[in-house]
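Encoded as structure tokens, the structure appears first; notes follow it.
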Amino acid sequence: MISSAPQLNALDLGQLQSLRASVRADDSTALKKSAQQFEALFTQMMLKSMRDALPGDSTMGEQGDFYQGMYDQQLSLSLSSGKGMGLADLLVQQLTQARSAVATAEPVGSDFSPTPPPVQSVGLKPDPQAASTADWPPVDAQDFIDKIRPHAEKAAQALGVPARAIMAQAALETGWGKHMSRDSDGSASYNLFGIKANKSWSGDSVQTSTQEYRRGSFGSEQAAFRSYDSLADSFDDYVSFLKDNPRYLQALRADTVQGFAQGLQKAGYATDPGYAGKIVDVANGSNMSAALSSARARYSV
């Protein structure tokens with residue numbers, strides 16, 4: 001028999017806010033549900049950490065990561081239902097004791113109304129779309145993806161290619177944001193895609209050393225690269241650069257990471273003969289998969 005009762009969704013933040021409001025109203029049932037929701041979130045984070053420690057399966061691709069995340073979410077809900085693992089009961093006990101302590105300390109006959117202790121919940125990072133780009137370089141791969149993801153998704157929509165491919169290319173070109181060229185004052189150039197400042201470029205530029213593949217081997221060269229005021233400007237110019245060059249038409253017709261990467265290499269985007277393969281490896285690597293899985297969990301992307 002299928003129950004008609006509403007199911008707890010560990011990632012439904014609206015539901016979590018409703019439960020928190022009920023807890024503040026001293027609703028013991030809502031307190032239990034909130035504790036179960038926290039346990040489900042904790043369980044899902046634990047499952048993600050366990051999967052990150054295992055070798056990735058590049059044959060699954062982005063769709064496989066999506067369904068794996070859905071499976072882990074459902075598994076965490078199942079494990080936390082009923083008696084769960086005991087964490088929810090522990091939280092209820094602690095919060096009930098804290099509430100009792102506050103009630104005991106209330107002055108008799110006064111109008112004092114103490115605020116109930118807040119329900120403990122998993123901390124969420126601010127939406128990267130509202131974050132400032134001044135905090136650069138990123139601290140790790142997760143931070144890099146959080147910062148560029150909204151811009152990459154916008155660019156992907158404009159170009160008609162996978163956002164994962166664009167993020168992988170940016171990660172490859174900059175070493176996950178840690179090796180971006182800098183202006184003379186030390187500020188970041190926000191050149192995420194290694195676009196050089198040729199004669200047609202009228203904006204700012206920066207001179208820096210680059211590795212180029214010439215006559216069968218890599219060598220260091222000095223070159224001028226475009227410089228931007230923000231991540232948004234960098235992505236906007238990247239979109240224009242690919243759209244305005246007919247040689248990238250094949251790349252923009254691709255609907256897979258591999259097809260896009262191979263199209264870029266055939267068009268001469270980079271001198272590295274292994275450029276396409278490196279983009280694909282980054283896109284399917286554990287750092288990218290973990291960062292995108294975390295983003296989906298936090299922002300439902």
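Labels used: A, B, ... for chains in the order of the structure tokens, numbers from 1 for residues in each chain, and numbers from 1 for ligands as shown.
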Residue contacts of Glu212 in chain A (10 Å, only C-alpha atoms) excluding same-chain residues fewer than 3 positions away, as a list in words =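 Listed by chain and then number, they are Ser209, Arg215, Ser217, Phe218, Gly219, Ser220, Glu221, Gln222, Ala270, Thr271 and Asp272 of chain A.
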message = Could you list, as a PyMOL selection string, every residue within 7 Å of range 141-156 of chain A, counting only C-alpha atoms and ignoring same-chain residues fewer than 2 positions away?
response = chain A and resi 128-129+138-139+158-163+166-167+176-177+232+235+239+287+291
Any chance you could export the current selection's N, CA and C atoms as an mmCIF file, in the first residue's frame?
```
data_model
loop_
_atom_site.group_PDB
_atom_site.id
_atom_site.type_symbol
_atom_site.label_atom_id
_atom_site.label_comp_id
_atom_site.auth_asym_id
_atom_site.auth_seq_id
_atom_site.Cartn_x
_atom_site.Cartn_y
_atom_site.Cartn_z
ATOM 1 N N PRO A 128 26.737 31.520 -5.690
ATOM 2 C CA PRO A 128 27.881 32.120 -6.369
ATOM 3 C C PRO A 128 27.482 33.187 -7.364
ATOM 4 N N GLN A 129 26.221 33.204 -7.820
ATOM 5 C CA GLN A 129 25.798 34.229 -8.752
ATOM 6 C C GLN A 129 25.808 35.596 -8.096
ATOM 7 N N PRO A 138 40.725 31.139 -6.411
ATOM 8 C CA PRO A 138 39.896 30.222 -5.617
ATOM 9 C C PRO A 138 40.777 29.372 -4.714
ATOM 10 N N VAL A 139 40.197 28.886 -3.622
ATOM 11 C CA VAL A 139 40.980 28.096 -2.675
ATOM 12 C C VAL A 139 41.145 26.649 -3.132
ATOM 13 N N ALA A 158 24.462 30.296 -24.727
ATOM 14 C CA ALA A 158 24.685 31.155 -25.891
ATOM 15 C C ALA A 158 25.373 30.405 -27.028
ATOM 16 N N LEU A 159 26.263 29.455 -26.668
ATOM 17 C CA LEU A 159 27.034 28.726 -27.680
ATOM 18 C C LEU A 159 26.375 27.419 -28.096
ATOM 19 N N GLY A 160 25.491 26.902 -27.258
ATOM 20 C CA GLY A 160 24.850 25.624 -27.564
ATOM 21 C C GLY A 160 25.732 24.424 -27.310
ATOM 22 N N VAL A 161 26.642 24.522 -26.338
ATOM 23 C CA VAL A 161 27.557 23.424 -26.010
ATOM 24 C C VAL A 161 27.427 23.108 -24.519
ATOM 25 N N PRO A 162 27.940 21.960 -24.058
ATOM 26 C CA PRO A 162 27.814 21.600 -22.637
ATOM 27 C C PRO A 162 28.574 22.556 -21.722
ATOM 28 N N ALA A 163 27.932 22.990 -20.659
ATOM 29 C CA ALA A 163 28.589 23.862 -19.683
ATOM 30 C C ALA A 163 29.784 23.165 -19.046
ATOM 31 N N ILE A 166 32.931 23.774 -21.024
ATOM 32 C CA ILE A 166 33.478 25.124 -20.845
ATOM 33 C C ILE A 166 34.209 25.229 -19.513
ATOM 34 N N MET A 167 33.616 24.690 -18.454
ATOM 35 C CA MET A 167 34.261 24.738 -17.142
ATOM 36 C C MET A 167 35.550 23.928 -17.146
ATOM 37 N N TRP A 176 42.715 25.322 -12.436
ATOM 38 C CA TRP A 176 41.626 25.563 -11.488
ATOM 39 C C TRP A 176 41.717 26.960 -10.872
ATOM 40 N N GLY A 177 42.130 27.917 -11.697
ATOM 41 C CA GLY A 177 42.143 29.315 -11.275
ATOM 42 C C GLY A 177 43.395 29.780 -10.574
ATOM 43 N N ALA A 232 32.667 37.887 -15.684
ATOM 44 C CA ALA A 232 31.595 38.051 -16.674
ATOM 45 C C ALA A 232 32.152 38.556 -18.000
ATOM 46 N N PHE A 235 33.966 35.700 -19.874
ATOM 47 C CA PHE A 235 33.063 34.755 -20.531
ATOM 48 C C PHE A 235 32.365 35.383 -21.735
ATOM 49 N N VAL A 239 32.660 33.910 -25.587
ATOM 50 C CA VAL A 239 31.522 33.606 -26.463
ATOM 51 C C VAL A 239 31.675 34.318 -27.799
ATOM 52 N N ASN A 287 37.687 15.737 -9.515
ATOM 53 C CA ASN A 287 37.505 17.102 -9.019
ATOM 54 C C ASN A 287 36.248 17.737 -9.598
ATOM 55 N N ALA A 291 32.774 18.569 -7.531
ATOM 56 C CA ALA A 291 32.350 19.971 -7.455
ATOM 57 C C ALA A 291 30.934 20.149 -7.987
#
```
inquiry  = Using only C-alpha atoms for the distances, tell me which of A:Leu192, A:Ala223, A:Ala165, A:Leu41 is nearest to Gly263 in chain A.
reply    =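 Of A:Leu192, A:Ala223, A:Ala165, A:Leu41, the one nearest Gly263 in chain A is A:Ala165, counting only C-alpha atoms.
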inquiry  = I need the residues in range 104-277 of chain A that are strand (DSSP E or B) according to DSSP; give them as a ChimeraX atom specification.
reply    = /A:182,188,196,205-214,217-226
Keeping only C-alpha atoms, take the residues you just selected and write them out as a JSON list (two decimals), in the first residue's frame.
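selection_11.json written:
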```
[["chain", "number", "residue", "atom", "x", "y", "z"],
["A", 182, "ARG", "CA", 48.08, 38.84, -13.79],
["A", 188, "ALA", "CA", 43.92, 38.97, -11.83],
["A", 196, "LYS", "CA", 45.83, 36.07, -26.80],
["A", 205, "SER", "CA", 46.47, 43.07, -22.20],
["A", 206, "VAL", "CA", 49.18, 41.49, -20.09],
["A", 207, "GLN", "CA", 52.53, 39.99, -21.07],
["A", 208, "THR", "CA", 53.22, 36.58, -19.62],
["A", 209, "SER", "CA", 55.12, 33.37, -20.26],
["A", 210, "THR", "CA", 53.30, 30.50, -21.97],
["A", 211, "GLN", "CA", 54.10, 26.95, -23.02],
["A", 212, "GLU", "CA", 53.63, 26.33, -26.77],
["A", 213, "TYR", "CA", 54.15, 23.18, -28.80],
["A", 214, "ARG", "CA", 56.46, 23.92, -31.73],
["A", 217, "SER", "CA", 58.24, 19.78, -28.38],
["A", 218, "PHE", "CA", 57.04, 22.26, -25.80],
["A", 219, "GLY", "CA", 58.90, 25.49, -25.17],
["A", 220, "SER", "CA", 58.44, 28.67, -23.14],
["A", 221, "GLU", "CA", 57.43, 31.85, -24.99],
["A", 222, "GLN", "CA", 56.40, 35.38, -24.06],
["A", 223, "ALA", "CA", 53.01, 36.49, -25.39],
["A", 224, "ALA", "CA", 50.36, 39.14, -24.84],
["A", 225, "PHE", "CA", 47.05, 37.90, -23.42],
["A", 226, "ARG", "CA", 43.76, 39.69, -23.11]]
```
remark   = Judged by only C-alpha atoms, the minimum distance to Asp255 in chain A among A:Gln157, A:Gly285, A:Ala267, A:Ala290 is found for A:Gln157
